[in-house]
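Data from target_0.pdb: PDB, C-alpha atoms
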```
ATOM      1  CA  LYS P  21     -29.012   0.094  12.743
ATOM      2  CA  CYS P  22     -27.444  -0.748  16.086
ATOM      3  CA  ASP P  23     -28.526  -3.559  18.360
ATOM      4  CA  SER P  24     -26.858  -6.101  20.638
ATOM      5  CA  GLU P  25     -25.581  -8.128  17.683
ATOM      6  CA  LYS P  26     -24.919  -5.769  14.799
ATOM      7  CA  LEU P  27     -23.882  -2.231  13.972
ATOM      8  CA  ASP P  28     -24.751  -1.217  10.409
ATOM      9  CA  ILE P  29     -22.963   1.816   8.986
ATOM     10  CA  GLU P  30     -23.313   3.274   5.517
ATOM     11  CA  ILE P  31     -19.959   4.444   4.129
ATOM     12  CA  PHE P  32     -19.968   7.043   1.379
ATOM     13  CA  PRO P  33     -17.366   7.318  -1.399
ATOM     14  CA  ASN P  34     -15.823  10.447   0.129
ATOM     15  CA  ARG P  35     -14.683   8.408   3.157
ATOM     16  CA  PRO P  36     -12.144   5.887   1.843
ATOM     17  CA  ASP P  37     -10.533   6.023   5.280
ATOM     18  CA  LEU P  38     -13.414   3.868   6.617
ATOM     19  CA  LEU P  39     -12.945   0.865   4.332
ATOM     20  CA  SER P  40     -11.339  -1.451   6.889
ATOM     21  CA  GLY P  41     -12.395  -2.661  10.304
ATOM     22  CA  GLU P  42      -9.306  -1.020  11.801
ATOM     23  CA  THR P  43      -9.812   2.439  10.314
ATOM     24  CA  LEU P  44     -13.548   2.332  10.943
ATOM     25  CA  SER P  45     -12.974   1.506  14.626
ATOM     26  CA  ARG P  46     -10.473   4.359  14.842
ATOM     27  CA  ALA P  47     -13.001   6.834  13.441
ATOM     28  CA  ILE P  48     -16.031   5.680  15.402
ATOM     29  CA  ARG P  49     -14.788   4.933  18.889
ATOM     30  CA  ASN P  50     -14.942   8.530  20.096
ATOM     31  CA  PHE P  51     -18.655   8.534  19.160
ATOM     32  CA  ILE P  52     -19.710   5.205  20.677
ATOM     33  CA  HIS P  53     -17.161   4.826  23.501
ATOM     34  CA  HIS P  54     -16.636   8.521  24.388
ATOM     35  CA  ALA P  55     -12.925   8.162  23.626
ATOM     36  CA  ASN P  56     -10.896  11.214  22.660
ATOM     37  CA  ALA P  57     -10.365  11.761  18.954
ATOM     38  CA  THR P  58      -6.749  11.062  18.004
ATOM     39  CA  PRO P  59      -5.987  12.681  14.631
ATOM     40  CA  ASN P  60      -2.239  12.693  15.308
ATOM     41  CA  LEU P  61      -0.249   9.565  14.484
ATOM     42  CA  ASP P  62       3.324   9.220  15.730
ATOM     43  CA  VAL P  63       5.873   8.786  12.951
ATOM     44  CA  LYS P  64       9.472   7.771  13.600
ATOM     45  CA  LYS P  65      12.349   8.799  11.355
ATOM     46  CA  GLY P  66      13.836   5.743   9.658
ATOM     47  CA  ASP P  67      17.015   5.000   7.720
ATOM     48  CA  ILE P  68      15.611   2.962   4.794
ATOM     49  CA  GLU P  69      16.019   4.414   1.300
ATOM     50  CA  LEU P  70      13.960   3.806  -1.843
ATOM     51  CA  ILE P  71      15.934   4.915  -4.900
ATOM     52  CA  VAL P  72      13.892   5.694  -8.021
ATOM     53  CA  ASP P  73      15.225   5.368 -11.590
ATOM     54  CA  SER P  74      14.714   8.381 -13.895
ATOM     55  CA  GLU P  75      12.702   6.290 -16.400
ATOM     56  CA  LEU P  76       9.877   5.900 -13.883
ATOM     57  CA  LYS P  77       8.869   9.523 -14.489
ATOM     58  CA  GLU P  78       7.273   8.448 -17.767
ATOM     59  CA  ILE P  79       5.749   5.188 -16.487
ATOM     60  CA  ARG P  80       4.733   5.491 -12.802
ATOM     61  CA  PRO P  81       5.852   8.956 -11.672
ATOM     62  CA  VAL P  82       4.354   9.074  -8.149
ATOM     63  CA  ILE P  83       6.068   6.719  -5.707
ATOM     64  CA  ILE P  84       5.960   6.815  -1.907
ATOM     65  CA  GLY P  85       5.725   4.343   0.948
ATOM     66  CA  ALA P  86       6.156   3.618   4.628
ATOM     67  CA  VAL P  87       7.423   1.003   7.056
ATOM     68  CA  VAL P  88       5.215  -0.210   9.901
ATOM     69  CA  ARG P  89       6.978  -2.280  12.562
ATOM     70  CA  GLY P  90       5.572  -4.464  15.330
ATOM     71  CA  VAL P  91       2.276  -5.386  13.650
ATOM     72  CA  ASN P  92       0.302  -7.998  15.599
ATOM     73  CA  SER P  93      -1.568 -10.326  13.259
ATOM     74  CA  GLY P  94      -3.248 -12.296  16.052
ATOM     75  CA  SER P  95      -2.612 -15.005  18.602
ATOM     76  CA  SER P  96      -3.834 -17.974  16.540
ATOM     77  CA  GLN P  97      -3.714 -19.262  12.980
ATOM     78  CA  ILE P  98      -7.387 -18.373  12.526
ATOM     79  CA  GLU P  99      -6.788 -14.774  13.651
ATOM     80  CA  SER P 100      -3.686 -14.444  11.461
ATOM     81  CA  ASP P 101      -5.506 -15.781   8.406
ATOM     82  CA  ALA P 102      -8.372 -13.354   9.039
ATOM     83  CA  PHE P 103      -5.904 -10.451   9.372
ATOM     84  CA  ILE P 104      -4.146 -11.314   6.099
ATOM     85  CA  LYS P 105      -7.445 -11.665   4.250
ATOM     86  CA  SER P 106      -8.710  -8.350   5.621
ATOM     87  CA  LEU P 107      -5.445  -6.630   4.643
ATOM     88  CA  MET P 108      -5.781  -7.882   1.074
ATOM     89  CA  ASP P 109      -9.470  -6.939   0.956
ATOM     90  CA  HIS P 110      -8.639  -3.463   2.239
ATOM     91  CA  GLN P 111      -6.108  -2.958  -0.564
ATOM     92  CA  GLU P 112      -8.608  -3.976  -3.223
ATOM     93  CA  LYS P 113     -11.246  -1.602  -1.832
ATOM     94  CA  LEU P 114      -8.721   1.243  -1.938
ATOM     95  CA  HIS P 115      -7.686   0.233  -5.467
ATOM     96  CA  PHE P 116     -11.329   0.740  -6.452
ATOM     97  CA  ALA P 117     -12.189   3.803  -4.365
ATOM     98  CA  LEU P 118      -8.968   5.813  -4.724
ATOM     99  CA  GLY P 119      -6.908   3.990  -7.307
ATOM    100  CA  ARG P 120      -9.535   3.843 -10.074
ATOM    101  CA  GLY P 121      -8.705   0.249 -10.896
ATOM    102  CA  ARG P 122      -5.022   0.683  -9.899
ATOM    103  CA  LYS P 123      -4.456   3.380 -12.518
ATOM    104  CA  ARG P 124      -4.246   6.388 -10.203
ATOM    105  CA  ALA P 125      -2.749   4.389  -7.322
ATOM    106  CA  SER P 126      -1.732   0.800  -6.604
ATOM    107  CA  ILE P 127      -0.633  -0.630  -3.265
ATOM    108  CA  GLY P 128       1.907  -3.274  -2.339
ATOM    109  CA  VAL P 129       2.506  -4.661   1.166
ATOM    110  CA  HIS P 130       5.588  -6.745   1.891
ATOM    111  CA  ASP P 131       7.197  -8.757   4.684
ATOM    112  CA  LEU P 132      10.193  -6.502   5.372
ATOM    113  CA  SER P 133      12.208  -9.347   6.918
ATOM    114  CA  LYS P 134      12.419 -11.112   3.528
ATOM    115  CA  ILE P 135      14.212  -8.277   1.717
ATOM    116  CA  ARG P 136      17.233  -6.070   2.325
ATOM    117  CA  ALA P 137      17.382  -2.280   2.125
ATOM    118  CA  PRO P 138      18.067  -0.053   0.294
ATOM    119  CA  PHE P 139      15.328  -0.655  -2.281
ATOM    120  CA  PHE P 140      15.316   0.356  -5.932
ATOM    121  CA  VAL P 141      12.498   1.191  -8.359
ATOM    122  CA  LYS P 142      13.699   0.429 -11.868
ATOM    123  CA  ALA P 143      12.357   0.183 -15.410
ATOM    124  CA  VAL P 144      13.181  -3.185 -17.014
ATOM    125  CA  THR P 145      12.474  -5.146 -20.193
ATOM    126  CA  ASN P 146       9.724  -7.762 -20.430
ATOM    127  CA  ASP P 147      12.180 -10.675 -20.316
ATOM    128  CA  THR P 148      12.964  -9.893 -16.646
ATOM    129  CA  GLN P 149      11.973 -12.851 -14.465
ATOM    130  CA  PHE P 150      10.741 -13.303 -10.893
ATOM    131  CA  THR P 151       8.277 -15.496  -9.022
ATOM    132  CA  PRO P 152       4.944 -13.625  -8.757
ATOM    133  CA  LEU P 153       2.452 -13.941  -5.927
ATOM    134  CA  SER P 154       0.494 -17.231  -5.928
ATOM    135  CA  MET P 155       3.007 -18.926  -8.229
ATOM    136  CA  ALA P 156       5.722 -21.480  -7.445
ATOM    137  CA  ASN P 157       8.048 -20.767 -10.367
ATOM    138  CA  GLU P 158       9.644 -17.778 -12.019
ATOM    139  CA  MET P 159       7.857 -16.100 -14.899
ATOM    140  CA  SER P 160       8.992 -13.376 -17.256
ATOM    141  CA  ILE P 161       7.121 -10.072 -17.229
ATOM    142  CA  LYS P 162       5.832 -10.947 -20.700
ATOM    143  CA  GLN P 163       4.430 -14.244 -19.358
ATOM    144  CA  ILE P 164       2.888 -12.533 -16.334
ATOM    145  CA  LEU P 165       1.035 -10.045 -18.520
ATOM    146  CA  LEU P 166      -0.259 -12.818 -20.777
ATOM    147  CA  GLU P 167      -0.854 -15.705 -18.364
ATOM    148  CA  HIS P 168      -1.094 -14.615 -14.705
ATOM    149  CA  PRO P 169      -4.690 -13.688 -13.666
ATOM    150  CA  LYS P 170      -3.602 -10.296 -12.288
ATOM    151  CA  GLY P 171      -1.385  -9.717 -15.313
ATOM    152  CA  ILE P 172      -4.285 -10.350 -17.676
ATOM    153  CA  GLU P 173      -6.593  -8.108 -15.629
ATOM    154  CA  TYR P 174      -4.232  -5.123 -15.383
ATOM    155  CA  ALA P 175      -1.944  -5.446 -18.437
ATOM    156  CA  HIS P 176      -3.764  -2.530 -20.085
ATOM    157  CA  LEU P 177      -2.233  -0.158 -17.522
ATOM    158  CA  LEU P 178       1.225  -0.763 -19.002
ATOM    159  CA  SER P 179       0.258  -1.493 -22.614
ATOM    160  CA  GLU P 180       1.759   1.712 -24.014
ATOM    161  CA  PHE P 181       5.217   1.022 -22.563
ATOM    162  CA  ASN P 182       8.073  -1.256 -23.582
ATOM    163  CA  ARG P 183       9.727  -1.065 -20.175
ATOM    164  CA  TYR P 184       8.090  -2.011 -16.898
ATOM    165  CA  PRO P 185       8.440  -0.885 -13.266
ATOM    166  CA  ILE P 186       9.796  -3.248 -10.627
ATOM    167  CA  ILE P 187      10.849  -2.763  -7.007
ATOM    168  CA  LYS P 188      14.030  -4.650  -6.084
ATOM    169  CA  ASP P 189      16.094  -4.966  -2.941
ATOM    170  CA  SER P 190      19.872  -4.675  -2.569
ATOM    171  CA  ASN P 191      20.200  -8.428  -3.216
ATOM    172  CA  ASP P 192      18.465  -8.001  -6.600
ATOM    173  CA  GLU P 193      15.314  -9.759  -5.340
ATOM    174  CA  VAL P 194      12.034  -8.503  -6.835
ATOM    175  CA  ALA P 195       9.473  -7.364  -4.268
ATOM    176  CA  SER P 196       6.878  -5.991  -6.672
ATOM    177  CA  MET P 197       5.897  -5.188 -10.236
ATOM    178  CA  PRO P 198       3.515  -2.262  -9.766
ATOM    179  CA  PRO P 199       0.666  -1.899 -10.605
ATOM    180  CA  ILE P 200       0.320  -5.598 -11.536
ATOM    181  CA  ILE P 201       1.551  -8.059  -8.895
ATOM    182  CA  ASN P 202       3.800  -8.502  -5.861
ATOM    183  CA  GLY P 203       6.633 -10.973  -5.781
ATOM    184  CA  ALA P 204       6.015 -14.237  -3.922
ATOM    185  CA  LEU P 205       9.129 -13.652  -1.796
ATOM    186  CA  THR P 206       7.564 -10.890   0.315
ATOM    187  CA  THR P 207       4.163 -12.522   0.915
ATOM    188  CA  ILE P 208       2.619 -11.523   4.254
ATOM    189  CA  THR P 209       2.349 -14.545   6.606
ATOM    190  CA  GLU P 210       1.354 -15.218  10.210
ATOM    191  CA  ASP P 211       5.001 -14.590  11.188
ATOM    192  CA  THR P 212       5.164 -11.127   9.614
ATOM    193  CA  THR P 213       5.623  -8.261  12.070
ATOM    194  CA  ASP P 214       7.416  -5.576  10.028
ATOM    195  CA  ILE P 215       5.689  -4.436   6.839
ATOM    196  CA  LEU P 216       6.895  -2.330   3.922
ATOM    197  CA  ILE P 217       4.140  -0.428   2.110
ATOM    198  CA  ASP P 218       4.732   0.853  -1.409
ATOM    199  CA  VAL P 219       2.217   2.891  -3.391
ATOM    200  CA  THR P 220       2.824   3.999  -6.961
ATOM    201  CA  GLY P 221       0.585   5.817  -9.389
ATOM    202  CA  LEU P 222      -0.280   8.893 -11.385
ATOM    203  CA  ASP P 223      -2.089  11.043  -8.801
ATOM    204  CA  ASP P 224      -0.286  12.530  -5.788
ATOM    205  CA  ASN P 225      -3.363  12.792  -3.548
ATOM    206  CA  ALA P 226      -4.561   9.249  -4.265
ATOM    207  CA  VAL P 227      -1.108   7.764  -3.659
ATOM    208  CA  GLU P 228      -0.557   9.701  -0.429
ATOM    209  CA  SER P 229      -4.022   8.813   0.855
ATOM    210  CA  CYS P 230      -3.469   5.096   0.209
ATOM    211  CA  VAL P 231      -0.180   5.094   2.136
ATOM    212  CA  ASN P 232      -1.680   6.991   5.061
ATOM    213  CA  ILE P 233      -4.818   4.866   5.266
ATOM    214  CA  VAL P 234      -3.001   1.495   5.141
ATOM    215  CA  ALA P 235      -0.422   2.709   7.668
ATOM    216  CA  ALA P 236      -3.177   3.953   9.992
ATOM    217  CA  ALA P 237      -4.920   0.579   9.780
ATOM    218  CA  LEU P 238      -1.707  -1.228  10.760
ATOM    219  CA  VAL P 239      -1.249   1.132  13.725
ATOM    220  CA  GLU P 240      -4.552  -0.240  15.040
ATOM    221  CA  ARG P 241      -2.818  -3.651  14.967
ATOM    222  CA  GLY P 242      -0.076  -2.371  17.262
ATOM    223  CA  GLY P 243       2.273  -1.122  14.553
ATOM    224  CA  LYS P 244       4.640   1.858  14.710
ATOM    225  CA  ILE P 245       5.100   3.956  11.561
ATOM    226  CA  GLU P 246       8.635   4.556  10.300
ATOM    227  CA  GLN P 247       9.500   6.972   7.501
ATOM    228  CA  LEU P 248      11.292   6.156   4.243
ATOM    229  CA  GLU P 249      13.560   8.434   2.236
ATOM    230  CA  ILE P 250      12.492   8.370  -1.417
ATOM    231  CA  LYS P 251      15.395   9.387  -3.667
ATOM    232  CA  PHE P 252      14.255  10.698  -7.049
ATOM    233  CA  PRO P 253      16.811  11.887  -9.636
ATOM    234  CA  SER P 254      15.904  15.537  -8.961
ATOM    235  CA  GLU P 255      14.773  15.524  -5.308
ATOM    236  CA  ASN P 256      14.488  13.536  -2.085
ATOM    237  CA  LYS P 257      11.296  13.072  -0.059
ATOM    238  CA  ILE P 258      10.776  11.862   3.519
ATOM    239  CA  VAL P 259       7.453  10.014   3.725
ATOM    240  CA  PRO P 260       4.877   9.626   5.146
ATOM    241  CA  SER P 261       4.143  12.797   7.107
ATOM    242  CA  MET P 262       0.771  11.648   8.576
ATOM    243  CA  GLU P 263      -0.050  15.175   9.692
ATOM    244  CA  PRO P 264      -3.762  15.792  10.340
ATOM    245  CA  LYS P 265      -5.587  18.263   8.116
ATOM    246  CA  VAL P 266      -7.897  20.912   9.548
ATOM    247  CA  HIS P 267     -11.192  21.449   7.714
ATOM    248  CA  GLU P 268     -12.954  24.750   8.341
ATOM    249  CA  ILE P 269     -16.713  25.177   8.064
ATOM    250  CA  GLU P 270     -19.098  28.016   8.828
ATOM    251  CA  ASN P 271     -20.883  27.756  12.181
ATOM    252  CA  ASP P 272     -24.214  28.545  10.537
ATOM    253  CA  TYR P 273     -23.799  25.581   8.209
TER
END
```

Kindly present the structure from the file in structure tokens form.
Amino acid sequence: KCDSEKLDIEIFPNRPDLLSGETLSRAIRNFIHHANATPNLDVKKGDIELIVDSELKEIRPVIIGAVVRGVNSGSSQIESDAFIKSLMDHQEKLHFALGRGRKRASIGVHDLSKIRAPFFVKAVTNDTQFTPLSMANEMSIKQILLEHPKGIEYAHLLSEFNRYPIIKDSNDEVASMPPIINGALTTITEDTTDILIDVTGLDDNAVESCVNIVAAALVERGGKIEQLEIKFPSENKIVPSMEPKVHEIENDY
């Protein structure tokens, strides 16, 4: 349906790239506004490193991310609040559509100005403490898994382990405990302009897709994508690539 007030679009499960207003507008504008399709996204080489501990191979083996700088969240408090809510909603839709309840992939977005590179992904014991999102005081990982709403909901994803993944900065501040909860320190606010995206999981395609889709959405908000160097014990990766994929079909079809 399309009239002067509303455009209704049905989105199928094979199009997770359409699950935000930003990515939907990117995909549709060449159809309804005769704009050129723009599959290429500019990516700048960055100098931020994410160093991954060897123990993560058994817990959360797939880890990539991106930096997006210069994001415009709006010109008023109302617009900024709407942007933040939509960003959180977008993550949860991707957690469902691609992440399979955060198992295959889980996303974290962080205010980059609150933390200092390089960043580290480590495996720690359950007595490690930090202040989780939506809380005012520090909690241990054990407490988070037993008492925090997100910990209770997703504790089963880490139930077979006795060590737990966290992302820390060079000042030993905790940014995230994937796939459970972000740290309160890096909460996105109306003043946030530079955003760090981390995605961890078990499936390479799901993790890569989540990074690319969230980064593409932030580009629609004026952001510029910057690459990270992910340092694994056995290899280094520069991510994201954001290269378009060509799909071939038969003319008859």

Would you list the contacts of segment 207-218 of chain P as a list of chain:residue names, taking every protein, DNA or RNA residue within 6 Å and counting only C-alpha atoms, but skipping same-chain residues closer than 5 positions in sequence?
->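 After dropping sequence-adjacent residues, the list is P:Gly85, P:Ala86, P:Val87, P:Val88, P:Arg89, P:Gly90, P:Val91, P:Ser100, P:Ile127, P:Gly128, P:Val129, P:His130, P:Asp131, P:Leu132.
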
P:Leu248, P:Val227, P:Ile79, P:Met159: which is nearest Lys64 of chain P, counting all atoms listed in the file?
->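 When distances to Lys64 of chain P are compared using all atoms listed in the file, the smallest one comes from P:Leu248.
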
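Closest approach to Met108 of chain P among P:Leu61, P:Ile200, P:Ser40, P:Glu69: P:Ser40, based on all atoms listed in the file.
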
Find the residues around His176 of chain P up to 12 Å (all atoms listed in the file counted), leave out those fewer than 6 positions away in its own chain, and share them as a list in words.
->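 My reading of the contact set: Gly121, Arg122, Lys123, Leu165, Leu166, Lys170, Pro199 and Ile200 of chain P.
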
So, counting all atoms listed in the file, which residue among P:Lys65, P:Lys105, P:Leu70, P:Arg46 is closest to Asn256 of chain P?
-> P:Leu70

Please provide as a ChimeraX atom specification all residues within 12 Å of Asn34 of chain P, with the sequence filter that same-chain residues fewer than 2 positions apart are discarded (counting only C-alpha atoms).
-> /P:30-32,36-39,114,117-118,229

Given the PyMOL selection byres ((chain P and resi 151-157) around 7), the residues it picks as a PyMOL selection string | chain P and resi 150+158-159+201-204

So how far away is atom CA of Phe252 of chain P from atom CA of Phe140 of chain P, in Å?
->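 Distance reported for this atom pair: 10.5 Å.
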
Output of the PyMOL selection byres ((chain P and resi 146) around 7), listed as a list in words |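 What the PyMOL selection byres ((chain P and resi 146) around 7) grabs from the file is Val144, Thr145, Asp147, Thr148, Ser160, Ile161, Lys162, Arg183 and Tyr184 of chain P.
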
Which of these residues is nearest to Ile48 of chain P, using all atoms listed in the file: P:Ile29, P:Ile104, P:Ile84, P:Ala125?
->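 Between P:Ile29, P:Ile104, P:Ile84, P:Ala125, the residue approaching Ile48 of chain P most closely is P:Ile29.
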
Check which residues satisfy the PyMOL selection byres ((chain P and resi 251) around 9) in the file shown, then give them as a PyMOL selection string.
-> chain P and resi 69-73+249-250+252-258

Store the residues of this selection in a file with C-alpha atoms, as a PDB file, keeping the file's coordinate frame.
```pdb
ATOM      1  CA  GLU P  69      16.019   4.414   1.300  1.00  0.00           C
ATOM      2  CA  LEU P  70      13.960   3.806  -1.843  1.00  0.00           C
ATOM      3  CA  ILE P  71      15.934   4.915  -4.900  1.00  0.00           C
ATOM      4  CA  VAL P  72      13.892   5.694  -8.021  1.00  0.00           C
ATOM      5  CA  ASP P  73      15.225   5.368 -11.590  1.00  0.00           C
ATOM      6  CA  GLU P 249      13.560   8.434   2.236  1.00  0.00           C
ATOM      7  CA  ILE P 250      12.492   8.370  -1.417  1.00  0.00           C
ATOM      8  CA  PHE P 252      14.255  10.698  -7.049  1.00  0.00           C
ATOM      9  CA  PRO P 253      16.811  11.887  -9.636  1.00  0.00           C
ATOM     10  CA  SER P 254      15.904  15.537  -8.961  1.00  0.00           C
ATOM     11  CA  GLU P 255      14.773  15.524  -5.308  1.00  0.00           C
ATOM     12  CA  ASN P 256      14.488  13.536  -2.085  1.00  0.00           C
ATOM     13  CA  LYS P 257      11.296  13.072  -0.059  1.00  0.00           C
ATOM     14  CA  ILE P 258      10.776  11.862   3.519  1.00  0.00           C
TER      15      ILE P 258
END
```

Could you give me, as a ChimeraX atom specification, the residues within 12 Å of Asp192 of chain P, counting all atoms listed in the file and dropping anything in the same chain fewer than 6 positions from it?
-> /P:135-142,148-150,186,205

Store the residues of this selection in a file with C-alpha atoms, as a CSV table (one decimal), in the frame of the given file.
```csv
chain,number,residue,atom,x,y,z
P,135,ILE,CA,14.2,-8.3,1.7
P,136,ARG,CA,17.2,-6.1,2.3
P,137,ALA,CA,17.4,-2.3,2.1
P,138,PRO,CA,18.1,-0.1,0.3
P,139,PHE,CA,15.3,-0.7,-2.3
P,140,PHE,CA,15.3,0.4,-5.9
P,141,VAL,CA,12.5,1.2,-8.4
P,142,LYS,CA,13.7,0.4,-11.9
P,148,THR,CA,13.0,-9.9,-16.6
P,149,GLN,CA,12.0,-12.9,-14.5
P,150,PHE,CA,10.7,-13.3,-10.9
P,186,ILE,CA,9.8,-3.2,-10.6
P,205,LEU,CA,9.1,-13.7,-1.8
```
